[in-house]
$ cat protein.pdb   # PDB, C-alpha atoms, pLDDT in the B column
ATOM      1  CA  MET A   1      -3.313  25.684   6.498  1.00 47.00           C
ATOM      2  CA  LYS A   2      -6.983  25.178   5.640  1.00 57.00           C
ATOM      3  CA  SER A   3      -9.729  26.128   8.042  1.00 66.00           C
ATOM      4  CA  ASN A   4     -10.911  23.328  10.321  1.00 89.00           C
ATOM      5  CA  THR A   5     -14.301  23.201   8.586  1.00 93.00           C
ATOM      6  CA  GLN A   6     -12.755  23.013   5.120  1.00 95.00           C
ATOM      7  CA  LEU A   7     -10.278  20.326   6.183  1.00 97.00           C
ATOM      8  CA  LEU A   8     -12.999  18.272   7.894  1.00 97.00           C
ATOM      9  CA  ALA A   9     -15.104  18.442   4.718  1.00 97.00           C
ATOM     10  CA  GLN A  10     -12.169  17.293   2.567  1.00 97.00           C
ATOM     11  CA  VAL A  11     -11.299  14.429   4.926  1.00 98.00           C
ATOM     12  CA  THR A  12     -14.950  13.358   5.110  1.00 98.00           C
ATOM     13  CA  GLU A  13     -15.185  13.413   1.309  1.00 98.00           C
ATOM     14  CA  PHE A  14     -12.028  11.294   0.997  1.00 98.00           C
ATOM     15  CA  ILE A  15     -13.275   8.735   3.535  1.00 98.00           C
ATOM     16  CA  GLY A  16     -16.627   8.514   1.743  1.00 98.00           C
ATOM     17  CA  TYR A  17     -14.889   8.121  -1.616  1.00 98.00           C
ATOM     18  CA  GLU A  18     -12.738   5.268  -0.315  1.00 98.00           C
ATOM     19  CA  ALA A  19     -15.807   3.525   1.169  1.00 97.00           C
ATOM     20  CA  ASP A  20     -17.673   3.896  -2.140  1.00 97.00           C
ATOM     21  CA  LEU A  21     -14.767   2.389  -4.078  1.00 97.00           C
ATOM     22  CA  LEU A  22     -14.698  -0.626  -1.773  1.00 95.00           C
ATOM     23  CA  ASP A  23     -18.488  -1.113  -1.831  1.00 94.00           C
ATOM     24  CA  HIS A  24     -18.460  -1.055  -5.644  1.00 95.00           C
ATOM     25  CA  LYS A  25     -15.349  -3.245  -5.899  1.00 93.00           C
ATOM     26  CA  GLY A  26     -13.204  -0.493  -7.423  1.00 95.00           C
ATOM     27  CA  TYR A  27     -10.121  -2.211  -6.085  1.00 95.00           C
ATOM     28  CA  GLN A  28      -7.578  -0.919  -8.612  1.00 96.00           C
ATOM     29  CA  GLU A  29      -8.614   2.662  -7.963  1.00 98.00           C
ATOM     30  CA  TRP A  30      -8.545   1.915  -4.223  1.00 97.00           C
ATOM     31  CA  LEU A  31      -4.941   0.755  -4.575  1.00 98.00           C
ATOM     32  CA  SER A  32      -4.065   4.105  -6.175  1.00 98.00           C
ATOM     33  CA  LEU A  33      -5.183   5.929  -3.003  1.00 98.00           C
ATOM     34  CA  TRP A  34      -2.178   4.606  -1.061  1.00 98.00           C
ATOM     35  CA  THR A  35       1.378   5.827  -0.570  1.00 98.00           C
ATOM     36  CA  ASP A  36       4.072   3.247  -1.379  1.00 97.00           C
ATOM     37  CA  SER A  37       4.848   2.873   2.332  1.00 98.00           C
ATOM     38  CA  GLY A  38       1.207   2.755   3.479  1.00 98.00           C
ATOM     39  CA  LEU A  39      -0.113   0.080   5.849  1.00 98.00           C
ATOM     40  CA  TYR A  40      -3.625  -1.409   5.983  1.00 97.00           C
ATOM     41  CA  ILE A  41      -4.151  -2.852   9.466  1.00 96.00           C
ATOM     42  CA  VAL A  42      -6.958  -4.811  11.085  1.00 93.00           C
ATOM     43  CA  PRO A  43      -5.749  -5.617  14.616  1.00 93.00           C
ATOM     44  CA  ALA A  44      -6.907  -8.756  16.397  1.00 89.00           C
ATOM     45  CA  ASP A  45      -7.071  -6.832  19.684  1.00 89.00           C
ATOM     46  CA  LEU A  46      -9.219  -3.700  19.738  1.00 85.00           C
ATOM     47  CA  ASN A  47      -6.923  -2.006  22.272  1.00 88.00           C
ATOM     48  CA  GLU A  48      -3.605  -2.876  20.620  1.00 87.00           C
ATOM     49  CA  THR A  49      -1.426  -0.097  19.215  1.00 91.00           C
ATOM     50  CA  ASP A  50       1.865  -1.936  18.602  1.00 94.00           C
ATOM     51  CA  TYR A  51       0.706  -3.375  15.285  1.00 94.00           C
ATOM     52  CA  LEU A  52       4.117  -4.409  13.995  1.00 94.00           C
ATOM     53  CA  ASN A  53       4.883  -6.640  16.988  1.00 94.00           C
ATOM     54  CA  THR A  54       1.513  -8.287  17.605  1.00 92.00           C
ATOM     55  CA  LEU A  55      -0.929 -10.574  15.829  1.00 89.00           C
ATOM     56  CA  ASN A  56      -3.271  -8.827  13.384  1.00 90.00           C
ATOM     57  CA  LEU A  57      -6.110 -10.006  11.191  1.00 89.00           C
ATOM     58  CA  ALA A  58      -4.437  -7.958   8.441  1.00 91.00           C
ATOM     59  CA  LEU A  59      -1.152  -6.063   8.234  1.00 94.00           C
ATOM     60  CA  ASP A  60      -0.757  -5.245   4.554  1.00 95.00           C
ATOM     61  CA  ASP A  61       1.988  -3.268   2.911  1.00 97.00           C
ATOM     62  CA  ALA A  62       1.771  -2.320  -0.796  1.00 97.00           C
ATOM     63  CA  ASP A  63       2.637  -5.840  -2.019  1.00 97.00           C
ATOM     64  CA  MET A  64       0.126  -7.511   0.301  1.00 95.00           C
ATOM     65  CA  ARG A  65      -2.615  -5.050  -0.707  1.00 96.00           C
ATOM     66  CA  ARG A  66      -1.998  -5.868  -4.374  1.00 96.00           C
ATOM     67  CA  MET A  67      -2.092  -9.613  -3.624  1.00 93.00           C
ATOM     68  CA  ARG A  68      -5.301  -9.225  -1.583  1.00 91.00           C
ATOM     69  CA  VAL A  69      -6.953  -7.335  -4.450  1.00 93.00           C
ATOM     70  CA  ALA A  70      -5.739  -9.882  -7.021  1.00 93.00           C
ATOM     71  CA  ARG A  71      -7.267 -12.723  -4.987  1.00 89.00           C
ATOM     72  CA  LEU A  72     -10.586 -10.875  -4.729  1.00 88.00           C
ATOM     73  CA  GLU A  73     -10.669  -9.972  -8.420  1.00 88.00           C
ATOM     74  CA  ASN A  74      -9.502 -13.352  -9.743  1.00 86.00           C
ATOM     75  CA  GLY A  75     -11.315 -15.707  -7.380  1.00 72.00           C
ATOM     76  CA  GLU A  76      -7.997 -17.136  -6.162  1.00 65.00           C
ATOM     77  CA  SER A  77      -9.143 -17.504  -2.565  1.00 56.00           C
ATOM     78  CA  VAL A  78     -11.917 -19.410  -0.845  1.00 53.00           C
ATOM     79  CA  SER A  79     -13.465 -16.150   0.364  1.00 53.00           C
ATOM     80  CA  ALA A  80     -13.556 -14.707  -3.172  1.00 49.00           C
ATOM     81  CA  LEU A  81     -15.688 -17.584  -4.425  1.00 50.00           C
ATOM     82  CA  SER A  82     -18.707 -16.233  -2.578  1.00 54.00           C
ATOM     83  CA  VAL A  83     -18.107 -12.488  -2.656  1.00 62.00           C
ATOM     84  CA  GLY A  84     -20.990 -10.651  -1.050  1.00 72.00           C
ATOM     85  CA  ASN A  85     -22.258  -7.151  -1.516  1.00 88.00           C
ATOM     86  CA  THR A  86     -21.329  -4.510   1.041  1.00 91.00           C
ATOM     87  CA  VAL A  87     -22.597  -1.133   2.152  1.00 95.00           C
ATOM     88  CA  ARG A  88     -20.426   0.978   4.430  1.00 96.00           C
ATOM     89  CA  MET A  89     -21.823   3.790   6.521  1.00 97.00           C
ATOM     90  CA  MET A  90     -19.121   6.186   7.653  1.00 98.00           C
ATOM     91  CA  SER A  91     -19.958   8.706  10.361  1.00 98.00           C
ATOM     92  CA  ARG A  92     -18.588  10.760  13.244  1.00 97.00           C
ATOM     93  CA  VAL A  93     -15.555  11.901  11.255  1.00 98.00           C
ATOM     94  CA  ARG A  94     -13.075  13.836  13.405  1.00 98.00           C
ATOM     95  CA  VAL A  95      -9.732  15.351  12.510  1.00 98.00           C
ATOM     96  CA  LEU A  96      -7.447  14.511  15.430  1.00 98.00           C
ATOM     97  CA  GLU A  97      -4.265  16.086  14.114  1.00 97.00           C
ATOM     98  CA  ALA A  98      -3.583  18.357  11.162  1.00 97.00           C
ATOM     99  CA  GLY A  99      -0.227  19.441   9.819  1.00 95.00           C
ATOM    100  CA  GLU A 100       1.356  20.254   6.493  1.00 94.00           C
ATOM    101  CA  ASP A 101       2.672  16.683   6.073  1.00 97.00           C
ATOM    102  CA  VAL A 102       0.049  14.567   7.822  1.00 98.00           C
ATOM    103  CA  VAL A 103      -3.611  14.553   8.792  1.00 98.00           C
ATOM    104  CA  ILE A 104      -4.890  12.017  11.304  1.00 98.00           C
ATOM    105  CA  ALA A 105      -8.613  11.335  11.388  1.00 98.00           C
ATOM    106  CA  ARG A 106     -10.970   8.888  13.047  1.00 98.00           C
ATOM    107  CA  CYS A 107     -14.511   7.843  12.216  1.00 98.00           C
ATOM    108  CA  ALA A 108     -17.119   5.219  12.940  1.00 98.00           C
ATOM    109  CA  MET A 109     -17.905   2.598  10.319  1.00 97.00           C
ATOM    110  CA  THR A 110     -20.761   0.171  10.072  1.00 97.00           C
ATOM    111  CA  LEU A 111     -20.084  -2.305   7.293  1.00 94.00           C
ATOM    112  CA  ASN A 112     -23.056  -4.404   6.219  1.00 93.00           C
ATOM    113  CA  GLU A 113     -22.466  -7.487   4.099  1.00 90.00           C
ATOM    114  CA  LEU A 114     -25.124  -9.533   2.333  1.00 88.00           C
ATOM    115  CA  ARG A 115     -23.880 -12.960   1.325  1.00 80.00           C
ATOM    116  CA  HIS A 116     -25.931 -16.097   0.726  1.00 83.00           C
ATOM    117  CA  GLY A 117     -29.046 -14.225   1.854  1.00 87.00           C
ATOM    118  CA  LYS A 118     -27.609 -13.364   5.269  1.00 88.00           C
ATOM    119  CA  LEU A 119     -26.919  -9.847   6.468  1.00 91.00           C
ATOM    120  CA  VAL A 120     -23.896  -9.467   8.749  1.00 87.00           C
ATOM    121  CA  THR A 121     -22.839  -6.191  10.359  1.00 90.00           C
ATOM    122  CA  TYR A 122     -19.267  -5.264  11.280  1.00 91.00           C
ATOM    123  CA  PRO A 123     -19.049  -2.137  13.487  1.00 94.00           C
ATOM    124  CA  ALA A 124     -15.631  -0.502  13.795  1.00 95.00           C
ATOM    125  CA  ASN A 125     -13.674   2.587  14.613  1.00 97.00           C
ATOM    126  CA  VAL A 126     -11.358   3.476  11.734  1.00 98.00           C
ATOM    127  CA  GLU A 127      -8.232   5.573  12.054  1.00 98.00           C
ATOM    128  CA  TYR A 128      -6.704   7.205   8.983  1.00 98.00           C
ATOM    129  CA  THR A 129      -3.241   8.687   8.570  1.00 98.00           C
ATOM    130  CA  LEU A 130      -3.416  10.802   5.436  1.00 98.00           C
ATOM    131  CA  LYS A 131      -0.676  12.512   3.444  1.00 98.00           C
ATOM    132  CA  PRO A 132      -1.850  15.767   1.854  1.00 97.00           C
ATOM    133  CA  THR A 133      -0.973  16.042  -1.859  1.00 96.00           C
ATOM    134  CA  ALA A 134      -1.707  18.542  -4.599  1.00 94.00           C
ATOM    135  CA  ASP A 135      -4.591  16.263  -5.678  1.00 92.00           C
ATOM    136  CA  GLY A 136      -6.077  15.577  -2.235  1.00 95.00           C
ATOM    137  CA  PHE A 137      -4.883  12.856   0.124  1.00 98.00           C
ATOM    138  CA  LYS A 138      -3.001   9.567   0.006  1.00 98.00           C
ATOM    139  CA  LEU A 139      -3.448   6.847   2.616  1.00 98.00           C
ATOM    140  CA  GLU A 140      -0.349   6.326   4.740  1.00 98.00           C
ATOM    141  CA  GLN A 141      -2.135   4.108   7.255  1.00 98.00           C
ATOM    142  CA  LYS A 142      -5.634   2.780   7.793  1.00 98.00           C
ATOM    143  CA  VAL A 143      -6.424   0.943  11.026  1.00 97.00           C
ATOM    144  CA  VAL A 144      -9.793  -0.807  11.243  1.00 95.00           C
ATOM    145  CA  LYS A 145     -10.614  -1.589  14.884  1.00 95.00           C
ATOM    146  CA  LEU A 146     -13.471  -4.074  14.672  1.00 92.00           C
ATOM    147  CA  LEU A 147     -15.577  -4.164  17.812  1.00 90.00           C
ATOM    148  CA  HIS A 148     -15.788  -7.945  17.663  1.00 81.00           C
ATOM    149  CA  ALA A 149     -12.328  -8.709  16.243  1.00 76.00           C
ATOM    150  CA  ASP A 150     -11.664 -11.122  19.094  1.00 71.00           C
ATOM    151  CA  GLY A 151     -14.877 -13.018  18.378  1.00 68.00           C
ATOM    152  CA  PHE A 152     -15.950 -15.195  15.506  1.00 60.00           C
ATOM    153  CA  LEU A 153     -15.290 -13.729  12.059  1.00 61.00           C
ATOM    154  CA  ARG A 154     -16.510 -15.831   9.181  1.00 58.00           C
ATOM    155  CA  THR A 155     -14.558 -15.960   5.947  1.00 58.00           C
ATOM    156  CA  VAL A 156     -14.207 -12.347   4.894  1.00 62.00           C
ATOM    157  CA  SER A 157     -14.597 -11.694   1.157  1.00 61.00           C
ATOM    158  CA  PHE A 158     -13.979  -7.947   1.172  1.00 72.00           C
ATOM    159  CA  ILE A 159     -11.609  -5.259   2.375  1.00 74.00           C
ATOM    160  CA  PHE A 160     -12.737  -3.447   5.538  1.00 75.00           C
TER     161      PHE A 160
END
$ encode --input "protein.pdb" --output "structure tokens"
Amino acid sequence: MKSNTQLLAQVTEFIGYEADLLDHKGYQEWLSLWTDSGLYIVPADLNETDYLNTLNLALDDADMRRMRVARLENGESVSALSVGNTVRMMSRVRVLEAGEDVVIARCAMTLNELRHGKLVTYPANVEYTLKPTADGFKLEQKVVKLLHADGFLRTVSFIF
């Protein structure tokens, strides 16, 4: 097993890489970061943990992730017609659990979106379940816990 410092650096690098792909609309490469069974989750309730049996803003398996990306890339949704620019700031990365088959990490994210001249900020805690591979990590689960998920969210034209 890697040292805690080395593992934290690798996890932090992976999280930063994923954020950079999303900010620069590298959606196809982002899709390649996932395992086939991976889930992308944005719960409607910040405190919810039973994602499969409750309402979520997003609960995407591999097929839904591909459809979400296709809509963003092809302008097939209302939100894609006015795609804004985003900048994610990822911080406070912590490895919560580390094993040979899984690494669980959590970090803070501040996502800033500029669309139609308006800047909107989405603060969140993000939890990652990562599968170690020979080439780095694959996403098994990503849970984006938006601080204001229960409030007003305008049409979202990006992936959190």
$ resolve_selection --input "protein.pdb" --expression "the PyMOL selection byres ((chain A and resi 110-114) around 10)" --output "list of chain:residue names"
A:Ala19, A:Asp23, A:Val83, A:Gly84, A:Asn85, A:Thr86, A:Val87, A:Arg88, A:Met89, A:Met90, A:Ser91, A:Ala108, A:Met109, A:Arg115, A:His116, A:Gly117, A:Lys118, A:Leu119, A:Val120, A:Thr121, A:Tyr122, A:Pro123, A:Ala124, A:Asn125, A:Leu146, A:Val156, A:Ser157, A:Phe158, A:Phe160
$ write_last_selection --input "protein.pdb" --atoms "C-alpha atoms" --output "short mmCIF file (atom, residue, chain, number, x, y, z; two decimals), in the frame of the given file"
data_model
loop_
_atom_site.label_atom_id
_atom_site.label_comp_id
_atom_site.auth_asym_id
_atom_site.auth_seq_id
_atom_site.Cartn_x
_atom_site.Cartn_y
_atom_site.Cartn_z
CA ALA A 19 -15.81 3.52 1.17
CA ASP A 23 -18.49 -1.11 -1.83
CA VAL A 83 -18.11 -12.49 -2.66
CA GLY A 84 -20.99 -10.65 -1.05
CA ASN A 85 -22.26 -7.15 -1.52
CA THR A 86 -21.33 -4.51 1.04
CA VAL A 87 -22.60 -1.13 2.15
CA ARG A 88 -20.43 0.98 4.43
CA MET A 89 -21.82 3.79 6.52
CA MET A 90 -19.12 6.19 7.65
CA SER A 91 -19.96 8.71 10.36
CA ALA A 108 -17.12 5.22 12.94
CA MET A 109 -17.90 2.60 10.32
CA ARG A 115 -23.88 -12.96 1.32
CA HIS A 116 -25.93 -16.10 0.73
CA GLY A 117 -29.05 -14.22 1.85
CA LYS A 118 -27.61 -13.36 5.27
CA LEU A 119 -26.92 -9.85 6.47
CA VAL A 120 -23.90 -9.47 8.75
CA THR A 121 -22.84 -6.19 10.36
CA TYR A 122 -19.27 -5.26 11.28
CA PRO A 123 -19.05 -2.14 13.49
CA ALA A 124 -15.63 -0.50 13.80
CA ASN A 125 -13.67 2.59 14.61
CA LEU A 146 -13.47 -4.07 14.67
CA VAL A 156 -14.21 -12.35 4.89
CA SER A 157 -14.60 -11.69 1.16
CA PHE A 158 -13.98 -7.95 1.17
CA PHE A 160 -12.74 -3.45 5.54
#
$ resolve_selection --input "protein.pdb" --expression "the PyMOL selection byres ((chain A and resi 39) around 6)" --output "list in words"
Gly38, Tyr40, Asp60, Asp61 and Gln141 of chain A
$ closest_residue --input "protein.pdb" --among "A:Leu139, A:Val69, A:Leu33, A:Leu8" --to "Arg94 (chain A)" --atoms "all atoms listed in the file"
A:Leu8
$ axis_aligned_box --input "protein.pdb" --around "region 60-78 of chain A" --padding-each-side "6 Å" --output "AutoDock Vina command-line options"
--center_x -4.6 --center_y -10.9 --center_z -2.6 --size_x 26.6 --size_y 29.1 --size_z 26.3
$ atom_distance --input "protein.pdb" --atom1 "CA of Thr12 (chain A)" --atom2 "CA of Lys131 (chain A)"
14.4 Å
$ closest_residue --input "protein.pdb" --among "A:Ser32, A:Ala9, A:Cys107, A:Leu46" --to "Ala62 (chain A)" --atoms "only C-alpha atoms"
A:Ser32
$ atom_distance --input "protein.pdb" --atom1 "CA of Gly26 (chain A)" --atom2 "CA of Glu97 (chain A)"
28.6 Å
$ resolve_selection --input "protein.pdb" --expression "the PyMOL selection byres ((chain A and resi 128) around 6)" --output "list in words"
Ile104, Ala105, Glu127, Thr129, Gln141 and Lys142 of chain A
$ atom_distance --input "protein.pdb" --atom1 "CA of Pro132 (chain A)" --atom2 "CA of Lys25 (chain A)"
24.6 Å
$ closest_residue --input "protein.pdb" --among "A:Ala44, A:Leu22, A:Leu52, A:Val103" --to "Glu140 (chain A)" --atoms "only C-alpha atoms"
A:Val103
$ closest_residue --input "protein.pdb" --among "A:Leu130, A:Thr35, A:Lys145, A:Glu18" --to "Leu96 (chain A)" --atoms "all atoms listed in the file"
A:Leu130
$ closest_residue --input "protein.pdb" --among "A:Ile159, A:Val143, A:Gly16, A:Trp30" --to "Pro43 (chain A)" --atoms "all atoms listed in the file"
A:Val143
$ residues_around --input "protein.pdb" --residues "Asp45 (chain A)" --least-positions-apart "6" --cutoff "10 Å" --atoms "all atoms listed in the file" --output "PyMOL selection string"
chain A and resi 51+54-57+145-150
$ decode --input "protein.pdb" --residues "region 6-61 of chain A" --atoms "C-alpha atoms" --output "short mmCIF file (atom, residue, chain, number, x, y, z; two decimals), in the first residue's frame"
data_model
loop_
_atom_site.label_atom_id
_atom_site.label_comp_id
_atom_site.auth_asym_id
_atom_site.auth_seq_id
_atom_site.Cartn_x
_atom_site.Cartn_y
_atom_site.Cartn_z
CA GLN A 6 1.63 9.62 -1.74
CA LEU A 7 -1.96 8.36 -1.91
CA LEU A 8 -3.37 11.77 -0.94
CA ALA A 9 -1.29 13.39 -3.70
CA GLN A 10 -2.54 10.88 -6.28
CA VAL A 11 -6.18 11.29 -5.23
CA THR A 12 -5.85 15.08 -5.25
CA GLU A 13 -4.31 14.95 -8.73
CA PHE A 14 -7.15 12.74 -10.00
CA ILE A 15 -9.83 15.03 -8.54
CA GLY A 16 -8.15 18.07 -10.09
CA TYR A 17 -7.87 16.30 -13.44
CA GLU A 18 -11.57 15.42 -13.43
CA ALA A 19 -12.50 19.03 -12.54
CA ASP A 20 -10.29 20.35 -15.35
CA LEU A 21 -11.91 18.01 -17.88
CA LEU A 22 -15.37 19.21 -16.88
CA ASP A 23 -14.40 22.91 -16.90
CA HIS A 24 -12.95 22.53 -20.41
CA LYS A 25 -15.85 20.39 -21.64
CA GLY A 26 -13.71 17.28 -22.14
CA TYR A 27 -16.79 15.14 -21.72
CA GLN A 28 -15.66 12.09 -23.72
CA GLU A 29 -12.46 11.84 -21.72
CA TRP A 30 -14.51 12.37 -18.54
CA LEU A 31 -16.67 9.40 -19.51
CA SER A 32 -13.53 7.25 -19.78
CA LEU A 33 -12.74 7.92 -16.10
CA TRP A 34 -15.67 5.76 -14.97
CA THR A 35 -16.09 2.06 -14.26
CA ASP A 36 -18.97 0.40 -16.12
CA SER A 37 -20.94 0.13 -12.87
CA GLY A 38 -20.15 3.66 -11.65
CA LEU A 39 -22.84 6.05 -10.39
CA TYR A 40 -22.90 9.86 -10.62
CA ILE A 41 -25.23 11.16 -7.91
CA VAL A 42 -26.50 14.61 -6.99
CA PRO A 43 -28.93 14.08 -4.09
CA ALA A 44 -31.85 16.42 -3.56
CA ASP A 45 -31.36 16.18 0.21
CA LEU A 46 -27.92 17.07 1.56
CA ASN A 47 -28.24 14.55 4.41
CA GLU A 48 -29.57 11.63 2.37
CA THR A 49 -27.46 8.49 1.99
CA ASP A 50 -29.99 6.03 0.54
CA TYR A 51 -29.58 7.33 -3.00
CA LEU A 52 -31.22 4.41 -4.77
CA ASN A 53 -34.51 4.75 -2.89
CA THR A 54 -34.94 8.52 -2.74
CA LEU A 55 -35.36 11.45 -5.11
CA ASN A 56 -32.11 12.80 -6.58
CA LEU A 57 -31.29 15.67 -8.89
CA ALA A 58 -29.12 13.15 -10.76
CA LEU A 59 -28.61 9.40 -10.43
CA ASP A 60 -26.69 8.42 -13.55
CA ASP A 61 -25.38 5.02 -14.48
#
